[in-house]
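Here's the structure we're looking at; comments come further down.
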2 protein chains.
Amino acid sequence: MDYVKELIGIVGEKNVSTDLIERLCYSRDLSVHEAVPDVIVFVKKTEEVSKIMTLANKERIPVTPRGSGTSAVGGALAAKGGILLDLSRMNNILEIDKENGYVVVEPGVICNNLNAALAPTHFFPPDPGSANLASLGGMVSTNASGNRALKYGTTKNYVLGLEVVLADGRIINTGSVLGKTSSGYDLTQLFTNAEGTLGIITKVILKILPMPEYIAFAEARFSSNLDAGKAVREILTSGIALSSCEILDKVTIDVVNKVMELNIPDYVGCLLFIEIDGNRKAVQENIEKINKICQANNGIENRWDDDPARRLKMWAARQGVIASLSRVKRGSRMQSIMDDPGIPITKIPEALVEIQKISEKHHMPINTFGHIGDGNIHPIIICDPRNKEQWNTIKEVAKDLIDLTLRLRGTLTAEHGTGMAKSPYIKSELGETLEVMKEIKKALDPKSILNPGKMGFDDSIKGIYENFAFQPLIERPTEMRGFGEALDNEIMACIMCGFCRAGCPTYKETLVESINALQASTVRPSVLLASWSPIL
Amino acid sequence: MDYVKELIGIVGEKNVSTDLIERLCYSRDLSVHEAVPDVIVFVKKTEEVSKIMTLANKERIPVTPRGSGTSAVGGALAAKGGILLDLSRMNNILEIDKENGYVVVEPGVICNNLNAALAPTHFFPPDPGSANLASLGGMVSTNASGNRALKYGTTKNYVLGLEVVLADGRIINTGSVLGKTSSGYDLTQLFTNAEGTLGIITKVILKILPMPEYIAFAEARFSSNLDAGKAVREILTSGIALSSCEILDKVTIDVVNKVMELNIPDYVGCLLFIEIDGNRKAVQENIEKINKICQANNGIENRWDDDPARRLKMWAARQGVIASLSRVKRGSRMQSIMDDPGIPITKIPEALVEIQKISEKHHMPINTFGHIGDGNIHPIIICDPRNKEQWNTIKEVAKDLIDLTLRLRGTLTAEHGTGMAKSPYIKSELGETLEVMKEIKKALDPKSILNPGKMGFDDSIKGIYENFAFQPLIERPTEMRGFGEALDNEIMACIMCGFCRAGCPTYKETLVESINALQASTVRPSVLLASWSPIL
């Protein structure tokens, strides 16, 4: 790779890495895919990004931008190799203007760090489960969502403007600090949710809001998904503006009970975590209405509270679901496949029933939880990655979930984006519109160097198991290096969510993935087990 | 024009018109520009639009789409001749789903007709001054706004999905009935605010909201613009969610007093029309806070009310400003030039003071009124269209307003769009981003047939007075046909807003512009006076 010297000339030697272990650490995420970059480049300034893109455009080098790497769909994996552009160190909050209601941030700023800087008077509403790790650049690129989307919308509703470096190195600014403008095409919204395929985001102007006056929350208990679903439908269509409404089905309750010891009684078949905010008197009036609706739908009990510490605890239980799923059965873990459908609100009760039928049809447990309030539920499958038959079954389950979602006029990806994971089947949702997206992509990135192999734009990912991280593991299990059953199970439990970085002191100091102690103990062996064992 | 026969073959003879008078009626709007189409085509179905675009693409015929023609910027004028595609008869409400919170409409549906269909339980929030005439297709194409934008945002915040016919006749669907999706590029937002230059909108999925529980409104009186501006800034930055906040300065108050006999006392230097809605108790608490803030900023008096009939009356006074401005001085009328800036909220007091200075500098009265709550004020100039020196002065006033707006980090068009009127100077706001917009335009409309000559995409409109409707009037005044001073003054007063159509019984029956009785008496002579007198 001759261009590595030129990269060093742009950013300096310590910001360029071709180390194999480092590159392996960048080769995985929450999805089932893997892809190894040729070189990792750390950037801190827009001008550096511009020079790198100018070089990449000239030499036709693929460039994959990455914030924190917390994608669930292979979004920041270097599907065609080339440069992995790590923007996580470009992380300054440049401007906070509470009066005019906006901030200007670099793409590497972590969501919760922004909220810490805005507290206690203001906040940035989108709150993905990965908020203590997710970068704002990544959140903009995928239109990230979260528990509060029900009332507050998603990231794109807060993007006022962007600075973007285009495929050929030009730097442009879209939008402005103003909320309201009609000048020209909405390029801000075009680059938002473009998953890094149209340009590299180097600055973001985000709208912020004043903190609500009062917040109340409740654990609402039901006997069944159906009762809970009907109650949700009635609450939402009555005009009550909940800020959050999350569902945990029986399978999920059992998991969090077991792993997090929450002591939820056995007769509870379905839980809703509800939150409502605003003027205190208005909230109290709405609580009465919500209670009546839940009772009319066979609700068992609603436990209301407004204590901030207990509120954090309730949401921690919800956030803990993902990790808990990998603790249910030793050696098994959650798989992110067709895990992100969005369903119209009035079709939710039907969707919950149909998902249960799909689970029974294929004899595969499906955990359904998530943002039921806005129709975005997460049907999650748990399997042993070493079991080939289970992977075959998962493929059939995914097909049924795709058919169900499209039949109900839903979307196949409500918040995670398309990336690699949804590429094989996104055309069934988008149809001819996908061709128009390709035309726009071609206009702005004629050499197709920006995050190639994503979004169904080419045939890179034809099937659910292309660029499959577990291929060697299921094809050549006896060749995989083992570390004994107990440790192998631990390694299998690692879902590559990247949350360990938030807790690792070494990573905090070095910002180097391969020195992340936890990652060193789990990811590297996992990666080695899955793909590279014959080599190392 | 050989293609007229083919057009007749697609839509039928009665839906194609090459009549000169009819075409003249389509040649003007609120802007100072004019452009005469070669043929007018009325469509009712998507398939017809698709066939017309296929033909136009093959033969390179310009196509200008039009809803109600209530653009303020020449948006629906056929700048390069060709086909004027009139979608006003494609006006069915296809689906209303209150439970899921959306409607599906054809582009010719009138805004207020939609609201009538949704009342009393739901509403579509964007409320432009032309709401009883504006088409939803036109509102989507320009991201139309209105008094309620302060709380409820603009049209683009409500567009969930579109059916679009592309330049080559392909029909695509973007977005969906869901509010939340991350699947692919946001083409919905790209076609929204594209002013008909990327595709013809043939169907719109719009979000709707439940009606608020309670609405209160007030006329807030101040001695000066500065006091009112400071009060607005404080109210908005305190987090109080006003739904509307409109300003009328002294010049405007005098006008509406004179024309509409509102009897506002002379000591009132500035009026704010304020509205707040939501939970009744919350509203009442906020009213107390607003009153305190106004008092602290030398407010004279706030007159609160919640009677629906009086509410309509207050807003009618605000809506009546535009028409009233043409009644101030016989023979003079408002001109739409640099009339739509958007300013950051905290810069509003400074902007109001600076606009007054510009007025004094050029000895030209400027009426400032508008959506002060979201920073979108309308500085309107009144002049006699027959006076050449006044047009020269207006050009200089416009330059100063442009400089002021950009200096304050504002936008040159907050809600009206670019069209022809802002084309000469939109690059000073957009810079290199305009080039990227052109690249997208080229990708989707390589032959540049969709609404050409707009948005600063070519050099069609180099200066403020290109395609100038009043050119013959000021160059060859003695050649213009006159009808006597009184009638000539009436003709000059016609601002081409098109509102006469909403009241004309003949137009309601025939949907033919040239048979609109009022238009026949004012527009035609006005047009004749301005441009065609030597011919007819």
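By order in the structure tokens, chains are A, B, ...; within a chain, residues start at 1; ligands start at 1, following the order shown.
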
If you run DSSP on the backbone here, which positions in segment 269-415 of chain A get strand (DSSP E)? Please write them as a PDB file with N, CA and C atoms, in the first residue's frame.
```pdb
ATOM      1  N   CYS A 270     -46.193  -9.498  30.766  1.00  0.00           N
ATOM      2  CA  CYS A 270     -45.648  -8.447  29.900  1.00  0.00           C
ATOM      3  C   CYS A 270     -45.482  -7.169  30.720  1.00  0.00           C
ATOM      4  N   LEU A 271     -44.380  -6.485  30.513  1.00  0.00           N
ATOM      5  CA  LEU A 271     -44.107  -5.234  31.218  1.00  0.00           C
ATOM      6  C   LEU A 271     -44.021  -4.072  30.230  1.00  0.00           C
ATOM      7  N   LEU A 272     -44.592  -2.934  30.646  1.00  0.00           N
ATOM      8  CA  LEU A 272     -44.328  -1.702  29.904  1.00  0.00           C
ATOM      9  C   LEU A 272     -43.573  -0.754  30.828  1.00  0.00           C
ATOM     10  N   PHE A 273     -42.510  -0.157  30.322  1.00  0.00           N
ATOM     11  CA  PHE A 273     -41.858   0.947  31.035  1.00  0.00           C
ATOM     12  C   PHE A 273     -42.336   2.226  30.363  1.00  0.00           C
ATOM     13  N   ILE A 274     -43.044   3.040  31.146  1.00  0.00           N
ATOM     14  CA  ILE A 274     -43.668   4.243  30.581  1.00  0.00           C
ATOM     15  C   ILE A 274     -43.044   5.478  31.208  1.00  0.00           C
ATOM     16  N   GLU A 275     -42.886   6.534  30.397  1.00  0.00           N
ATOM     17  CA  GLU A 275     -42.440   7.803  30.958  1.00  0.00           C
ATOM     18  C   GLU A 275     -43.258   8.926  30.326  1.00  0.00           C
ATOM     19  N   ILE A 276     -43.554   9.953  31.143  1.00  0.00           N
ATOM     20  CA  ILE A 276     -44.292  11.102  30.639  1.00  0.00           C
ATOM     21  C   ILE A 276     -43.713  12.353  31.282  1.00  0.00           C
ATOM     22  N   ASP A 277     -43.550  13.421  30.500  1.00  0.00           N
ATOM     23  CA  ASP A 277     -42.939  14.628  31.052  1.00  0.00           C
ATOM     24  C   ASP A 277     -43.684  15.872  30.604  1.00  0.00           C
ATOM     25  N   GLY A 278     -43.329  17.009  31.243  1.00  0.00           N
ATOM     26  CA  GLY A 278     -43.955  18.278  30.886  1.00  0.00           C
ATOM     27  C   GLY A 278     -44.410  19.034  32.103  1.00  0.00           C
ATOM     28  N   GLU A 301     -51.285  -3.712  37.321  1.00  0.00           N
ATOM     29  CA  GLU A 301     -50.852  -2.680  38.258  1.00  0.00           C
ATOM     30  C   GLU A 301     -49.921  -1.694  37.554  1.00  0.00           C
ATOM     31  N   ASN A 302     -50.056  -0.413  37.886  1.00  0.00           N
ATOM     32  CA  ASN A 302     -49.103   0.611  37.409  1.00  0.00           C
ATOM     33  C   ASN A 302     -48.413   1.228  38.614  1.00  0.00           C
ATOM     34  N   ARG A 303     -47.092   1.140  38.628  1.00  0.00           N
ATOM     35  CA  ARG A 303     -46.352   1.687  39.776  1.00  0.00           C
ATOM     36  C   ARG A 303     -45.682   2.991  39.363  1.00  0.00           C
ATOM     37  N   TRP A 304     -46.280   4.127  39.725  1.00  0.00           N
ATOM     38  CA  TRP A 304     -45.756   5.439  39.319  1.00  0.00           C
ATOM     39  C   TRP A 304     -44.742   5.968  40.321  1.00  0.00           C
ATOM     40  N   ASP A 305     -43.812   6.751  39.794  1.00  0.00           N
ATOM     41  CA  ASP A 305     -42.729   7.287  40.626  1.00  0.00           C
ATOM     42  C   ASP A 305     -42.179   8.529  39.923  1.00  0.00           C
ATOM     43  N   ARG A 333     -25.846 -16.680  22.503  1.00  0.00           N
ATOM     44  CA  ARG A 333     -25.851 -15.212  22.543  1.00  0.00           C
ATOM     45  C   ARG A 333     -26.873 -14.687  21.547  1.00  0.00           C
ATOM     46  N   MET A 334     -27.207 -13.408  21.675  1.00  0.00           N
ATOM     47  CA  MET A 334     -28.177 -12.799  20.772  1.00  0.00           C
ATOM     48  C   MET A 334     -27.563 -12.622  19.391  1.00  0.00           C
ATOM     49  N   GLN A 335     -28.406 -12.697  18.385  1.00  0.00           N
ATOM     50  CA  GLN A 335     -27.960 -12.451  17.013  1.00  0.00           C
ATOM     51  C   GLN A 335     -28.787 -11.296  16.443  1.00  0.00           C
ATOM     52  N   ILE A 366     -37.945 -16.354  20.514  1.00  0.00           N
ATOM     53  CA  ILE A 366     -37.684 -14.974  20.057  1.00  0.00           C
ATOM     54  C   ILE A 366     -38.047 -14.051  21.210  1.00  0.00           C
ATOM     55  N   ASN A 367     -37.065 -13.264  21.653  1.00  0.00           N
ATOM     56  CA  ASN A 367     -37.320 -12.242  22.675  1.00  0.00           C
ATOM     57  C   ASN A 367     -37.828 -10.987  21.994  1.00  0.00           C
ATOM     58  N   THR A 368     -39.018 -10.521  22.370  1.00  0.00           N
ATOM     59  CA  THR A 368     -39.509  -9.265  21.789  1.00  0.00           C
ATOM     60  C   THR A 368     -39.546  -8.199  22.864  1.00  0.00           C
ATOM     61  N   PHE A 369     -38.792  -7.164  22.623  1.00  0.00           N
ATOM     62  CA  PHE A 369     -38.820  -6.025  23.535  1.00  0.00           C
ATOM     63  C   PHE A 369     -38.597  -4.781  22.684  1.00  0.00           C
ATOM     64  N   GLY A 370     -38.623  -3.609  23.340  1.00  0.00           N
ATOM     65  CA  GLY A 370     -38.247  -2.418  22.573  1.00  0.00           C
ATOM     66  C   GLY A 370     -39.244  -1.285  22.615  1.00  0.00           C
ATOM     67  N   HIS A 371     -39.094  -0.406  21.623  1.00  0.00           N
ATOM     68  CA  HIS A 371     -39.775   0.895  21.619  1.00  0.00           C
ATOM     69  C   HIS A 371     -41.183   0.747  21.068  1.00  0.00           C
ATOM     70  N   ASN A 376     -41.432   0.436  17.027  1.00  0.00           N
ATOM     71  CA  ASN A 376     -40.133  -0.152  16.714  1.00  0.00           C
ATOM     72  C   ASN A 376     -39.803  -1.205  17.765  1.00  0.00           C
ATOM     73  N   ILE A 377     -40.154  -2.442  17.445  1.00  0.00           N
ATOM     74  CA  ILE A 377     -39.850  -3.519  18.390  1.00  0.00           C
ATOM     75  C   ILE A 377     -38.628  -4.290  17.907  1.00  0.00           C
ATOM     76  N   HIS A 378     -37.962  -4.940  18.854  1.00  0.00           N
ATOM     77  CA  HIS A 378     -36.757  -5.711  18.525  1.00  0.00           C
ATOM     78  C   HIS A 378     -36.981  -7.192  18.800  1.00  0.00           C
ATOM     79  N   PRO A 379     -37.294  -7.969  17.760  1.00  0.00           N
ATOM     80  CA  PRO A 379     -37.394  -9.424  17.959  1.00  0.00           C
ATOM     81  C   PRO A 379     -35.992 -10.021  17.895  1.00  0.00           C
ATOM     82  N   ILE A 380     -35.519 -10.521  19.015  1.00  0.00           N
ATOM     83  CA  ILE A 380     -34.127 -10.984  19.083  1.00  0.00           C
ATOM     84  C   ILE A 380     -34.083 -12.501  19.242  1.00  0.00           C
ATOM     85  N   ILE A 381     -33.191 -13.078  18.475  1.00  0.00           N
ATOM     86  CA  ILE A 381     -33.002 -14.532  18.514  1.00  0.00           C
ATOM     87  C   ILE A 381     -31.721 -14.827  19.285  1.00  0.00           C
ATOM     88  N   ILE A 382     -31.785 -15.878  20.095  1.00  0.00           N
ATOM     89  CA  ILE A 382     -30.576 -16.306  20.801  1.00  0.00           C
ATOM     90  C   ILE A 382     -30.162 -17.652  20.233  1.00  0.00           C
ATOM     91  N   CYS A 383     -28.888 -17.781  19.899  1.00  0.00           N
ATOM     92  CA  CYS A 383     -28.438 -19.086  19.417  1.00  0.00           C
ATOM     93  C   CYS A 383     -26.973 -19.297  19.760  1.00  0.00           C
TER      94      CYS A 383
END
```

- Task: Check every residue of chain B for an atom within 7 Å of chain A, counting only C-alpha atoms, and provide those that qualify as JSON, numbers by chain.
- Result: {"B": [99, 100, 142, 143, 172, 173, 174, 178, 180, 181, 182, 183, 184, 185, 186, 189, 190, 193, 194, 210, 237, 239, 279, 281, 282, 344, 345, 346, 411, 413, 414, 415, 416, 417, 418, 432, 433, 437, 439, 440, 443, 455]}

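Atom CA of Glu219 of chain A is found 24.9 Å from atom CA of Glu354 of chain A.
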
- Long-range neighbours of Val397 of chain B as a ChimeraX atom specification, 10 Å cut-off, only C-alpha atoms, 5 positions minimum in chain: /B:337-338,355,358-359,361-364,366,381,391-392,402

Could you take the residues named above and write them with N, CA, C and O atoms, as a JSON list (two decimals), in the first residue's frame?
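Wrote it out as selection.json, contents follow:
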```json
[["chain", "number", "residue", "atom", "x", "y", "z"],
["B", 337, "ILE", "N", -39.77, 41.63, -2.59],
["B", 337, "ILE", "CA", -38.33, 41.54, -2.89],
["B", 337, "ILE", "C", -37.61, 41.51, -1.56],
["B", 337, "ILE", "O", -37.80, 42.40, -0.74],
["B", 338, "MET", "N", -36.78, 40.50, -1.33],
["B", 338, "MET", "CA", -36.06, 40.33, -0.06],
["B", 338, "MET", "C", -37.03, 40.50, 1.11],
["B", 338, "MET", "O", -36.75, 41.21, 2.07],
["B", 355, "ILE", "N", -33.31, 47.25, 10.27],
["B", 355, "ILE", "CA", -34.24, 47.43, 9.15],
["B", 355, "ILE", "C", -34.79, 48.85, 9.15],
["B", 355, "ILE", "O", -34.92, 49.49, 8.09],
["B", 358, "ILE", "N", -32.21, 51.03, 7.59],
["B", 358, "ILE", "CA", -32.16, 50.89, 6.13],
["B", 358, "ILE", "C", -33.28, 51.71, 5.49],
["B", 358, "ILE", "O", -33.10, 52.40, 4.48],
["B", 359, "SER", "N", -34.45, 51.66, 6.12],
["B", 359, "SER", "CA", -35.60, 52.43, 5.63],
["B", 359, "SER", "C", -35.28, 53.93, 5.62],
["B", 359, "SER", "O", -35.54, 54.64, 4.64],
["B", 361, "LYS", "N", -32.28, 55.32, 5.68],
["B", 361, "LYS", "CA", -31.14, 55.60, 4.79],
["B", 361, "LYS", "C", -31.62, 55.85, 3.37],
["B", 361, "LYS", "O", -31.14, 56.74, 2.67],
["B", 362, "HIS", "N", -32.60, 55.04, 2.91],
["B", 362, "HIS", "CA", -33.04, 55.14, 1.53],
["B", 362, "HIS", "C", -34.34, 55.94, 1.38],
["B", 362, "HIS", "O", -34.88, 56.02, 0.27],
["B", 363, "HIS", "N", -34.81, 56.50, 2.50],
["B", 363, "HIS", "CA", -36.07, 57.26, 2.50],
["B", 363, "HIS", "C", -37.20, 56.44, 1.88],
["B", 363, "HIS", "O", -37.95, 56.92, 1.04],
["B", 364, "MET", "N", -37.26, 55.19, 2.24],
["B", 364, "MET", "CA", -38.32, 54.32, 1.70],
["B", 364, "MET", "C", -38.99, 53.60, 2.87],
["B", 364, "MET", "O", -38.32, 52.86, 3.59],
["B", 366, "ILE", "N", -40.56, 50.91, 5.07],
["B", 366, "ILE", "CA", -40.54, 49.44, 5.06],
["B", 366, "ILE", "C", -41.48, 48.97, 6.17],
["B", 366, "ILE", "O", -41.30, 49.32, 7.33],
["B", 381, "ILE", "N", -41.87, 46.41, 1.13],
["B", 381, "ILE", "CA", -41.76, 47.75, 0.57],
["B", 381, "ILE", "C", -43.01, 48.04, -0.24],
["B", 381, "ILE", "O", -43.52, 47.17, -0.94],
["B", 391, "TRP", "N", -38.05, 51.87, -8.17],
["B", 391, "TRP", "CA", -37.50, 50.53, -8.43],
["B", 391, "TRP", "C", -35.99, 50.54, -8.21],
["B", 391, "TRP", "O", -35.42, 49.58, -7.67],
["B", 392, "ASN", "N", -35.32, 51.60, -8.63],
["B", 392, "ASN", "CA", -33.87, 51.67, -8.40],
["B", 392, "ASN", "C", -33.56, 51.68, -6.91],
["B", 392, "ASN", "O", -32.62, 51.02, -6.46],
["B", 402, "ILE", "N", -30.08, 41.99, 2.21],
["B", 402, "ILE", "CA", -29.33, 40.74, 2.01],
["B", 402, "ILE", "C", -28.09, 40.75, 2.91],
["B", 402, "ILE", "O", -27.82, 39.79, 3.64]]
```

- Message: Can you tell me which residues surround Leu114 of chain A at a distance of at most 12 Å, considering only C-alpha atoms, apart from same-chain residues fewer than 2 positions away, and format the answer as an MDAnalysis selection string?
- Response: chainID A and resid 91:96 102:112 116:120 122:127 131:136 206:208

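Atom CA of Val63 of chain A lies 5.7 Å from atom CA of Asn451 of chain A.
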
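Those residues that approach segment 16-33 of chain A to within 7 Å, counting only C-alpha atoms, are Ile8, Pro37, Asp38, Val39, Ile40, Val41, Phe42, Gly69, Thr70, Ser71, Ala72, Val73, Gly74, Leu77, Ser336, Ala421, Asn467, Phe468, Ala469, Ile495, Met496, Cys497, Glu513, Ser514 and Arg524 of chain A; same-chain residues fewer than 4 positions away are not listed.
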